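Chemist: I'm passing along work30.txt; it holds compact mmCIF, C-alpha atoms.
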```
# COMPACT_ATOMS: atom_id res chain seq x y z
CA MET A 132 2.61 20.54 87.68
CA PHE A 133 4.64 23.26 89.33
CA GLU A 134 5.20 20.94 92.32
CA ALA A 135 6.86 18.39 90.03
CA LEU A 136 9.01 21.17 88.60
CA ASP A 137 10.03 22.24 92.13
CA GLN A 138 10.79 18.65 93.12
CA LEU A 139 13.08 18.15 90.11
CA THR A 140 14.82 21.43 90.84
CA THR A 141 15.49 20.60 94.49
CA ALA A 142 16.63 17.09 93.57
CA GLY A 143 19.12 18.59 91.09
CA GLU A 144 17.81 16.50 88.20
CA GLU A 145 17.60 17.54 84.58
CA ILE A 146 14.76 19.90 83.80
CA SER A 147 13.04 19.19 80.50
CA VAL A 148 9.47 18.94 79.25
CA SER A 149 9.68 15.15 79.28
CA SER A 150 11.13 14.90 82.80
CA VAL A 151 8.54 17.30 84.25
CA ALA A 152 5.71 15.46 82.51
CA ARG A 153 7.04 12.13 83.79
CA ALA A 154 7.32 13.46 87.37
CA ALA A 155 3.80 14.92 87.23
CA GLY A 156 2.35 11.79 85.63
CA VAL A 157 0.95 13.58 82.55
CA HIS A 158 1.65 13.47 78.85
CA ARG A 159 4.21 16.01 77.64
CA SER A 160 1.75 17.38 75.05
CA LEU A 161 -0.17 18.91 78.01
CA ILE A 162 2.86 21.06 78.80
CA HIS A 163 3.29 22.05 75.17
CA ARG A 164 -0.39 23.05 74.87
CA HIS A 165 -0.26 25.36 77.89
CA GLY A 166 2.04 28.24 77.14
CA ASP A 167 2.54 29.25 80.77
CA LEU A 168 3.62 25.73 81.78
CA HIS A 169 5.94 25.41 78.80
CA ALA A 170 7.49 28.82 79.49
CA ALA A 171 8.04 27.90 83.15
CA VAL A 172 9.77 24.64 82.25
CA ILE A 173 12.00 26.31 79.67
CA ALA A 174 12.85 29.16 82.07
CA ARG A 175 13.69 26.74 84.88
CA ALA A 176 15.77 24.57 82.52
CA GLY A 177 17.83 27.63 81.55
CA ARG A 178 18.76 28.49 85.13
CA PRO A 179 21.89 27.05 86.67
CA PRO A 180 21.28 24.45 89.37
CA ALA A 181 20.63 25.80 92.86
CA GLN A 182 23.25 23.56 94.41
CA THR A 183 26.72 24.87 93.90
CA THR A 184 29.50 22.38 94.05
CA THR A 185 33.17 22.85 93.64
CA GLY A 186 34.48 22.24 90.16
CA THR A 187 33.02 23.00 86.80
CA GLN A 188 29.31 23.06 86.09
CA VAL A 189 27.85 21.82 82.84
CA SER A 190 24.67 23.48 81.69
CA ARG A 191 22.17 22.26 79.16
CA LYS A 192 23.04 25.17 76.86
CA SER A 193 26.74 24.33 76.93
CA LEU A 194 25.99 20.70 76.15
CA LEU A 195 23.73 21.73 73.25
CA ALA A 196 26.45 24.03 71.97
CA ASP A 197 28.96 21.18 72.19
CA VAL A 198 26.60 18.88 70.30
CA ALA A 199 26.07 21.52 67.59
CA ASN A 200 29.82 22.10 67.26
CA LEU A 201 30.57 18.38 67.09
CA THR A 202 27.82 17.85 64.52
CA ALA A 203 29.28 20.59 62.33
CA ARG A 204 32.77 19.13 62.77
CA ASN A 205 31.51 15.68 61.80
CA GLY A 206 29.97 17.19 58.66
CA ARG A 207 33.25 18.86 57.72
CA LEU A 208 35.22 15.68 58.38
CA SER A 209 32.74 13.64 56.36
CA ALA A 210 33.10 16.02 53.39
CA HIS A 211 36.90 15.88 53.71
CA ILE A 212 36.85 12.08 53.77
CA THR A 213 34.65 12.05 50.68
CA ARG A 214 37.12 14.30 48.83
CA LEU A 215 40.05 12.09 49.90
CA GLU A 216 38.23 8.94 48.81
CA ARG A 217 37.50 10.49 45.41
CA ARG A 218 41.16 11.46 44.94
CA LEU A 219 42.32 8.00 46.01
CA SER A 220 39.87 6.36 43.63
CA GLU A 221 41.04 8.54 40.73
CA THR A 222 44.71 7.83 41.51
CA LEU A 223 44.16 4.08 41.82
CA GLY A 224 42.13 4.06 38.60
CA GLN A 225 44.83 5.97 36.71
CA THR A 226 47.54 3.67 38.05
CA ALA A 227 45.60 0.53 37.12
CA TRP A 228 44.85 1.97 33.67
CA GLU A 229 48.52 2.68 33.01
CA ALA A 230 49.67 -0.66 34.46
CA SER A 231 47.28 -2.57 32.20
CA GLY A 232 48.84 -1.03 29.10
CA LEU A 233 45.66 0.76 28.13
CA GLY A 234 46.90 4.12 29.31
CA ALA A 235 49.05 6.54 27.42
CA PRO A 236 52.80 6.08 27.86
CA ALA A 237 54.51 8.27 30.40
CA ASP A 238 56.48 10.14 27.71
CA VAL A 239 53.50 11.49 25.77
CA GLU A 240 55.14 14.90 25.46
CA THR A 241 58.21 13.39 23.76
CA LEU A 242 56.02 11.46 21.34
CA THR A 243 53.97 14.56 20.56
CA ARG A 244 57.11 16.57 19.87
CA ARG A 245 58.49 13.80 17.63
CA THR A 246 55.18 13.61 15.73
CA THR A 247 55.32 17.35 15.08
CA GLU A 248 58.90 17.08 13.81
CA LEU A 249 57.99 14.22 11.45
CA GLU A 250 54.95 16.09 10.13
CA GLN A 251 57.18 19.09 9.35
CA GLN A 252 59.70 16.79 7.63
CA VAL A 253 56.91 15.29 5.49
CA LEU A 254 55.81 18.80 4.45
CA ASP A 255 59.41 19.73 3.53
CA LEU A 256 59.86 16.55 1.47
CA ARG A 257 56.58 17.16 -0.36
CA GLY A 258 57.78 20.66 -1.23
CA GLU A 259 61.08 19.30 -2.58
CA LEU A 260 59.24 16.64 -4.58
CA ALA A 261 56.97 19.28 -6.10
CA GLU A 262 60.06 21.30 -7.12
CA ARG A 263 61.66 18.22 -8.66
CA ASP A 264 58.49 17.46 -10.60
CA GLU A 265 58.48 21.02 -11.96
CA ASP A 266 62.05 20.74 -13.33
CA PRO A 267 61.43 17.74 -15.64
CA GLU A 268 58.15 19.21 -16.83
CA ALA A 269 59.88 22.49 -17.68
CA ALA A 270 62.59 20.52 -19.48
CA ARG A 271 59.98 18.53 -21.43
CA ALA A 272 58.16 21.71 -22.37
CA ALA A 273 61.43 23.27 -23.56
CA ASN A 274 62.21 20.06 -25.48
CA ARG A 275 58.84 20.10 -27.22
CA GLU A 276 59.28 23.73 -28.16
CA LEU A 277 62.75 23.10 -29.58
CA MET A 278 61.53 20.04 -31.50
CA ALA A 279 58.65 22.10 -32.84
CA GLN A 280 61.09 24.81 -33.99
CA LEU A 281 63.35 22.22 -35.63
CA ASN A 282 60.49 20.57 -37.42
CA ARG A 283 59.42 23.80 -39.00
```
What would the structure in this file look like if it were written as structure tokens?
Modeler:
Amino acid sequence: MFEALDQLTTAGEEISVSSVARAAGVHRSLIHRHGDLHAAVIARAGRPPAQTTTGTQVSRKSLLADVANLTARNGRLSAHITRLERRLSETLGQTAWEASGLGAPADVETLTRRTTELEQQVLDLRGELAERDEDPEAARAANRELMAQLNR
């Protein structure tokens, strides 16, 4: 098993449990069951390659970090897209509702203000009507009293 690990290392190939098991011709569960083998594979996979070349080196850890960062970014972008789709849907729905004539007119505030003014005017007119009704009744009562005094 360690020979396969050494061969992969000298060849400069990727070191993983699967690749070592494939090179040794065994099932990868064998490596997982033996702690010392698993630890050796993980330790060797964490080391930089023995061959140094000019330029940048990409390690397994840096690739995993990139994958984790891109996965998180995709999640954030997906959530942002969902929020934008919801806003677009609400805006399109509101526009269609108003265009169909079912929606409230654009000048709802003006209509509300006018309704309040008319309600106040109705209350004022009712008050004036009540005062007008009181005057004839008072006159009738005074008339009855005078007629009663005359008839005596």
Chemist: Please report the interatomic distance between atom CA of A:Arg191 and atom CA of A:Arg204 in Å with one decimal.
Modeler: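 Calculated distance between atom CA of A:Arg191 and atom CA of A:Arg204 is 19.8 Å.
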Chemist: Rank A:Thr213, A:Asn200, A:Ser150, A:Gln251 by their smallest atom-to-atom distance to A:Met132, using all atoms listed in the file, and report the top residue only.
Modeler: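 Of the candidates, the smallest distance to A:Met132 is held by A:Ser150.
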Chemist: Just give me the gap between atom CA of A:Arg178 and atom CA of A:Glu145 in Å, one decimal is fine.
Modeler: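 Answer for the atom CA of A:Arg178 to atom CA of A:Glu145 separation: 11.0 Å.
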Chemist: Could you tell me how far atom CA of A:Thr140 lies from atom CA of A:Ala199, in Å and to one decimal?
Modeler: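 Spanning atom CA of A:Thr140 to atom CA of A:Ala199 is a straight-line distance of 25.8 Å.
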Chemist: Need the shell around A:Ser160: protein/DNA/RNA residues with any atom at most 10 Å away, counting only C-alpha atoms. Skip same-chain ones fewer than 4 positions apart. Format as JSON, numbers by chain?
Modeler: {"A": [148, 149, 152, 164, 165, 169]}
Chemist: Quick one: of A:Leu256, A:Met278, A:Ala261, A:Ala176, who's nearest to A:Lys192, counting all atoms listed in the file?
Modeler: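 The answer is A:Ala176, which sits nearest to A:Lys192.
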Chemist: Need the axis-aligned box for stretch 157-163 of chain A with 6 Å each side, so what are the centre and edges in Å to one decimal, as JSON?
Modeler:
```
{"center_x": 2.0, "center_y": 17.8, "center_z": 78.8, "size_x": 16.4, "size_y": 20.6, "size_z": 19.5}
```
